[in-house]
>>> print(open('structure.txt').read())   # compact mmCIF, C-alpha atoms and all ligand atoms
# COMPACT_ATOMS: atom_id res chain seq x y z
CA MET Y 9 -0.28 -19.99 19.60
CA SER Y 10 3.25 -19.08 20.55
CA ILE Y 11 5.00 -15.92 19.44
CA ALA Y 12 7.55 -16.60 16.74
CA LEU Y 13 11.19 -15.74 17.11
CA PRO Y 14 11.82 -12.35 15.43
CA GLU Y 15 13.37 -12.29 11.97
CA ILE Y 16 14.86 -9.69 9.67
CA PRO Y 17 13.51 -9.90 6.09
CA TYR Y 18 16.95 -9.51 4.43
CA ASN Y 19 20.54 -10.38 5.12
CA PHE Y 20 22.41 -8.37 7.73
CA ALA Y 21 24.74 -6.79 5.16
CA ASP Y 22 22.01 -5.91 2.66
CA LEU Y 23 21.46 -2.37 3.95
CA GLU Y 24 25.12 -1.39 3.60
CA PRO Y 25 26.53 1.20 3.29
CA VAL Y 26 23.57 3.03 4.84
CA VAL Y 27 23.32 0.70 7.83
CA SER Y 28 26.35 -1.47 8.42
CA ARG Y 29 26.17 -5.22 8.90
CA ASP Y 30 27.55 -4.88 12.43
CA ALA Y 31 25.02 -2.23 13.39
CA LEU Y 32 22.12 -4.34 12.16
CA LEU Y 33 23.46 -7.54 13.67
CA PHE Y 34 24.06 -5.98 17.11
CA HIS Y 35 20.71 -4.23 16.96
CA PHE Y 36 18.87 -7.44 16.18
CA LEU Y 37 20.73 -9.73 18.59
CA HIS Y 38 21.32 -7.40 21.52
CA HIS Y 39 18.10 -5.43 21.52
CA GLN Y 40 15.13 -7.08 19.80
CA ARG Y 41 16.27 -10.64 20.61
CA VAL Y 42 17.01 -9.66 24.22
CA CYS Y 43 13.50 -8.23 24.59
CA PHE Y 44 12.08 -11.43 23.11
CA ASP Y 45 14.11 -13.62 25.47
CA ARG Y 46 13.14 -11.53 28.52
CA MET Y 47 9.47 -11.75 27.55
CA GLN Y 48 9.33 -15.54 27.43
CA PRO Y 49 9.59 -16.34 31.17
CA LEU Y 50 7.15 -13.52 31.96
CA ILE Y 51 4.34 -15.09 29.94
CA ARG Y 52 5.22 -18.79 30.10
CA GLY Y 53 2.50 -20.81 31.80
CA THR Y 54 0.06 -17.88 31.90
CA HIS Y 55 -2.99 -17.02 29.79
CA LEU Y 56 -0.78 -14.50 27.98
CA GLN Y 57 1.17 -17.28 26.31
CA ALA Y 58 -1.78 -18.04 24.00
CA LEU Y 59 -1.94 -14.50 22.62
CA SER Y 60 -0.47 -13.23 19.38
CA LEU Y 61 2.27 -10.62 19.77
CA GLU Y 62 -0.15 -7.89 18.68
CA ASP Y 63 -2.77 -8.92 21.24
CA LEU Y 64 -0.13 -9.24 23.95
CA VAL Y 65 0.94 -5.62 23.31
CA ARG Y 66 -2.67 -4.43 23.43
CA VAL Y 67 -3.70 -6.47 26.48
CA SER Y 68 -0.67 -5.44 28.53
CA ALA Y 69 -0.91 -1.73 27.66
CA GLY Y 70 -1.84 0.40 30.66
CA ASP Y 71 -1.78 -2.52 33.11
CA PRO Y 72 0.76 -1.77 35.87
CA ALA Y 73 1.02 -5.47 36.71
CA LEU Y 74 2.08 -6.20 33.14
CA ARG Y 75 4.46 -3.28 32.64
CA ALA Y 76 7.53 -5.45 32.10
CA VAL Y 77 5.66 -7.71 29.69
CA HIS Y 78 4.38 -4.72 27.78
CA ARG Y 79 7.79 -3.09 27.41
CA CYS Y 80 9.32 -6.28 26.03
CA ALA Y 81 6.39 -7.15 23.74
CA ALA Y 82 6.11 -3.60 22.41
CA GLU Y 83 9.82 -3.45 21.62
CA VAL Y 84 9.70 -6.80 19.83
CA TRP Y 85 6.75 -5.57 17.74
CA ASN Y 86 8.24 -2.10 17.15
CA HIS Y 87 11.47 -3.58 15.83
CA THR Y 88 9.62 -6.00 13.56
CA ILE Y 89 7.88 -3.02 11.94
CA TYR Y 90 11.21 -1.18 11.74
CA TRP Y 91 12.95 -4.02 9.90
CA GLN Y 92 10.10 -4.14 7.40
CA SER Y 93 10.09 -0.36 6.98
CA MET Y 94 13.53 -0.62 5.37
CA HIS Y 95 14.64 -2.23 2.15
CA PRO Y 96 17.92 -2.43 0.23
CA ARG Y 97 17.96 0.36 -2.36
CA GLY Y 98 14.73 1.78 -0.98
CA GLY Y 99 13.95 5.37 -0.09
CA GLY Y 100 13.20 8.41 -2.18
CA SER Y 101 9.81 9.57 -3.36
CA PRO Y 102 6.93 7.20 -2.63
CA ARG Y 103 4.59 5.71 -5.18
CA GLY Y 104 1.12 4.24 -5.14
CA PRO Y 105 -1.71 5.03 -2.71
CA VAL Y 106 0.66 6.09 0.08
CA ALA Y 107 2.07 8.79 -2.21
CA GLU Y 108 -1.47 10.08 -2.78
CA CYS Y 109 -2.16 10.06 0.99
CA LEU Y 110 1.02 12.03 1.69
CA GLU Y 111 0.12 14.53 -1.02
CA ARG Y 112 -3.39 15.03 0.38
CA ARG Y 113 -2.23 15.32 4.00
CA PHE Y 114 1.01 17.27 3.66
CA GLY Y 115 0.78 18.91 0.24
CA SER Y 116 3.90 17.19 -1.09
CA TYR Y 117 6.37 14.42 -0.32
CA GLU Y 118 9.02 17.07 0.37
CA ARG Y 119 6.81 18.67 3.04
CA PHE Y 120 6.19 15.25 4.62
CA ALA Y 121 9.93 14.50 4.64
CA HIS Y 122 10.65 17.85 6.28
CA LEU Y 123 8.05 17.25 9.01
CA PHE Y 124 9.24 13.65 9.55
CA ARG Y 125 12.81 14.90 10.01
CA GLU Y 126 11.61 17.61 12.38
CA ALA Y 127 9.58 15.16 14.45
CA ALA Y 128 12.63 12.91 14.80
CA ARG Y 129 14.92 15.84 15.62
CA ALA Y 130 12.57 17.30 18.23
CA HIS Y 131 11.95 13.98 19.99
CA PHE Y 132 13.86 13.99 23.27
CA GLY Y 133 15.74 10.84 24.15
CA SER Y 134 14.91 7.32 23.06
CA GLY Y 135 11.83 6.38 21.13
CA TRP Y 136 10.30 6.07 17.70
CA VAL Y 137 8.87 8.13 14.85
CA TRP Y 138 5.96 6.67 12.91
CA LEU Y 139 3.83 7.19 9.87
CA VAL Y 140 0.37 6.02 10.87
CA TRP Y 141 -3.03 5.83 9.24
CA ARG Y 142 -6.03 6.93 11.27
CA ASN Y 143 -9.53 8.03 10.33
CA GLY Y 144 -8.75 7.88 6.65
CA THR Y 145 -5.63 10.04 6.71
CA VAL Y 146 -1.91 9.66 7.40
CA GLN Y 147 -0.20 11.27 10.38
CA ILE Y 148 3.31 11.53 11.82
CA ARG Y 149 3.58 10.37 15.42
CA THR Y 150 6.38 9.84 17.92
CA SER Y 151 6.50 7.57 20.95
CA ALA Y 152 8.94 7.53 23.87
CA ASN Y 153 11.07 4.54 24.83
CA ALA Y 154 8.99 1.39 24.24
CA GLY Y 155 5.85 3.33 23.39
CA THR Y 156 3.97 1.94 20.43
CA PRO Y 157 1.09 3.14 18.22
CA LEU Y 158 -0.36 -0.36 18.47
CA ALA Y 159 -1.49 0.43 22.03
CA LYS Y 160 -3.39 3.46 20.71
CA ALA Y 161 -5.04 1.53 17.86
CA ASP Y 162 -3.16 3.52 15.22
CA ALA Y 163 -2.42 1.58 12.03
CA VAL Y 164 1.33 1.77 11.37
CA LEU Y 165 2.64 2.23 7.84
CA LEU Y 166 6.30 2.93 8.74
CA GLY Y 167 8.42 3.03 11.87
CA LEU Y 168 11.90 4.40 12.52
CA ASP Y 169 13.91 3.56 15.63
CA LEU Y 170 15.26 6.69 17.38
CA TRP Y 171 17.15 4.88 20.14
CA GLU Y 172 20.87 5.66 19.90
CA HIS Y 173 21.61 1.94 19.61
CA ALA Y 174 19.97 2.10 16.16
CA TYR Y 175 22.50 4.52 14.69
CA TYR Y 176 25.45 5.15 17.01
CA LEU Y 177 27.81 2.63 15.40
CA ASP Y 178 27.32 4.21 11.95
CA TYR Y 179 26.36 7.82 12.67
CA GLN Y 180 27.55 8.44 16.27
CA ASN Y 181 25.33 11.25 17.65
CA ARG Y 182 24.20 12.51 14.23
CA ARG Y 183 20.54 11.51 14.43
CA ALA Y 184 19.60 13.90 11.62
CA ALA Y 185 21.99 12.16 9.21
CA TYR Y 186 20.54 8.78 10.15
CA VAL Y 187 16.97 9.98 9.60
CA SER Y 188 17.89 11.51 6.23
CA ALA Y 189 19.58 8.28 5.18
CA PHE Y 190 16.45 6.35 6.14
CA LEU Y 191 14.27 8.61 4.00
CA GLU Y 192 16.61 8.83 1.03
CA ASP Y 193 17.99 5.28 0.82
CA LEU Y 194 15.99 2.81 2.90
CA VAL Y 195 12.25 3.44 3.20
CA ASN Y 196 10.24 0.48 1.99
CA TRP Y 197 7.26 2.17 0.32
CA ASP Y 198 5.99 -1.20 -0.91
CA PHE Y 199 5.55 -2.27 2.72
CA ALA Y 200 3.71 0.98 3.52
CA ASN Y 201 1.41 0.45 0.51
CA ARG Y 202 0.67 -3.16 1.50
CA GLU Y 203 -0.14 -2.14 5.05
CA LEU Y 204 -2.36 0.72 3.90
CA ALA Y 205 -4.25 -1.62 1.58
CA ARG Y 206 -5.06 -4.15 4.31
CA PHE Y 207 -6.04 -1.44 6.81
CA GLU Y 208 -8.40 0.10 4.26
CA LEU Y 209 -9.83 -3.33 3.49
CA ALA Y 210 -10.47 -4.03 7.17
CA ALA Y 211 -12.01 -0.57 7.66
CA ARG Y 212 -14.40 -1.13 4.73
CA ALA Y 213 -15.37 -4.55 6.08
CA ASN Y 214 -16.06 -3.08 9.51
CA ALA Y 215 -18.13 -0.28 7.98
CA ARG Y 216 -20.30 -2.86 6.18
CA ALA Y 217 -20.70 -5.09 9.25
CA PRO Y 218 -23.96 -4.81 11.25
CA ALA Y 219 -23.58 -2.64 14.34
CA ALA Y 220 -24.11 -5.55 16.73
CA ALA Y 221 -21.67 -7.82 14.94
CA THR Y 222 -18.08 -8.31 16.02
CA PRO Y 223 -15.77 -6.06 13.95
CA VAL Y 224 -13.63 -7.78 11.37
CA PRO Y 225 -10.12 -7.95 12.88
CA VAL Y 226 -7.25 -6.30 11.11
CA PRO Y 227 -5.16 -9.05 9.51
CA LEU Y 228 -1.84 -9.98 11.00
CA PRO Y 229 1.16 -7.96 9.77
CA PHE Y 230 2.89 -8.79 6.54
CA VAL Y 231 5.21 -11.77 7.00
CA PRO Y 232 8.42 -11.48 4.99
CA GLU Y 233 9.31 -14.42 2.80
CA ALA Y 234 13.06 -13.93 2.81
CA ARG Y 235 15.11 -15.38 5.64
CA PRO Y 236 18.07 -13.71 7.33
CA GLU Y 237 21.51 -15.18 6.98
CA PRO Y 238 22.32 -17.74 9.71
CA LEU Y 239 23.18 -16.15 13.03
CA ALA Y 240 26.21 -18.38 13.28
CA ALA Y 241 27.73 -16.31 10.47
CA GLY Y 242 27.74 -13.26 12.76
FE FE Y 301 16.17 -0.57 18.53
>>> encode(input="structure.txt", output="structure tokens")
Amino acid sequence: MSIALPEIPYNFADLEPVVSRDALLFHFLHHQRVCFDRMQPLIRGTHLQALSLEDLVRVSAGDPALRAVHRCAAEVWNHTIYWQSMHPRGGGSPRGPVAECLERRFGSYERFAHLFREAARAHFGSGWVWLVWRNGTVQIRTSANAGTPLAKADAVLLGLDLWEHAYYLDYQNRRAAYVSAFLEDLVNWDFANRELARFELAARANARAPAAATPVPVPLPFVPEARPEPLAAG
């Protein structure tokens, strides 16, 4: 299989005024697309070319000979999660099973939001802040640069880009304002609920499987149905 060209599951202007069309367009074309384009010649003609993006990230993690491949693949994957973690007119209090998980883990959505903001604020330099699911509970994690929870086998429910390129056009150096806007106006809780449901399903299937059997793999990430507006329009 070959790794598909990245897509954004809405039009570039759909997140305005929270994220401007230009910010999203530049982010997509000059960061995720660049990583994708740099990755292609590094894997072309090798055994890596047959892997899914998720397996490529996992296989290349921790291998010094594949450091460049890993950085590119991880950033392509991280951004794909980021696009899906946002939605026009999203944000605010969660609903569904994820809301119950946040309540159990943090006591309230407000406490979660405070800790998420703090994790983003305290993270030094470029990177990511994540909501992950592990061992039956949700956790807030950060990763530096191209670091990704996928390499640590964490199941990602949400991801927020903390690189300055994600917010500088709209928020300059005000990272806190960008993180608050993400929480209040953009978070796609439906995506988080879908991801949680398939991770729980895979975990239950693995728990039922005989010990000697091969674990049931976690399904591939949700594939958005909507298509972005043509790039030529940018
Ligand atoms: Fe980015």
>>> residues_near_ligand(input="structure.txt", ligand="ligand FE 301 (chain Y)", cutoff="6 Å", atoms="all atoms listed in the file", output="list of chain:residue names")
Y:Asp169, Y:Trp171, Y:Ala174
>>> atom_distance(input="structure.txt", atom1="CA of Leu50 in chain Y", atom2="CA of Ser151 in chain Y")
23.8 Å
>>> residues_near_point(input="structure.txt", point="(7.3, 9.3, -3.2)", cutoff="9 Å", atoms="all atoms listed in the file", output="count of residues only")
14
>>> closest_residue(input="structure.txt", among="Y:Arg202, Y:His35, Y:Arg216, Y:Arg79", to="Trp91 in chain Y", atoms="all atoms listed in the file")
Y:His35
>>> closest_residue(input="structure.txt", among="Y:Glu111, Y:Asp198, Y:Glu192, Y:Glu172", to="Gly133 in chain Y", atoms="only C-alpha atoms")
Y:Glu172
>>> atom_distance(input="structure.txt", atom1="CA of Glu208 in chain Y", atom2="CA of Arg66 in chain Y")
20.5 Å
>>> closest_residue(input="structure.txt", among="Y:Ala217, Y:Ala154, Y:Ala189, Y:Leu139", to="Leu204 in chain Y", atoms="only C-alpha atoms")
Y:Leu139
>>> closest_atom_pairs(input="structure.txt", of="range 111-144 of chain Y", to="range 159-163 of chain Y", cutoff="8 Å", atoms="only C-alpha atoms", output="CSV")
residue,atom,partner,partner_atom,distance
Y:Val140,CA,Y:Ala163,CA,5.4
Y:Trp141,CA,Y:Ala163,CA,5.1
Y:Arg142,CA,Y:Asp162,CA,6.0
>>> closest_residue(input="structure.txt", among="Y:Ala21, Y:Met47, Y:Ile16, Y:Ile148", to="Thr88 in chain Y", atoms="only C-alpha atoms")
Y:Ile16
>>> atom_distance(input="structure.txt", atom1="CA of Ala185 in chain Y", atom2="CA of Ala82 in chain Y")
26.0 Å
>>> closest_residue(input="structure.txt", among="Y:Leu194, Y:Val146, Y:Asp22, Y:Arg52", to="Pro105 in chain Y", atoms="only C-alpha atoms")
Y:Val146
>>> closest_residue(input="structure.txt", among="Y:His78, Y:Arg41, Y:His95, Y:His131", to="Glu62 in chain Y", atoms="only C-alpha atoms")
Y:His78
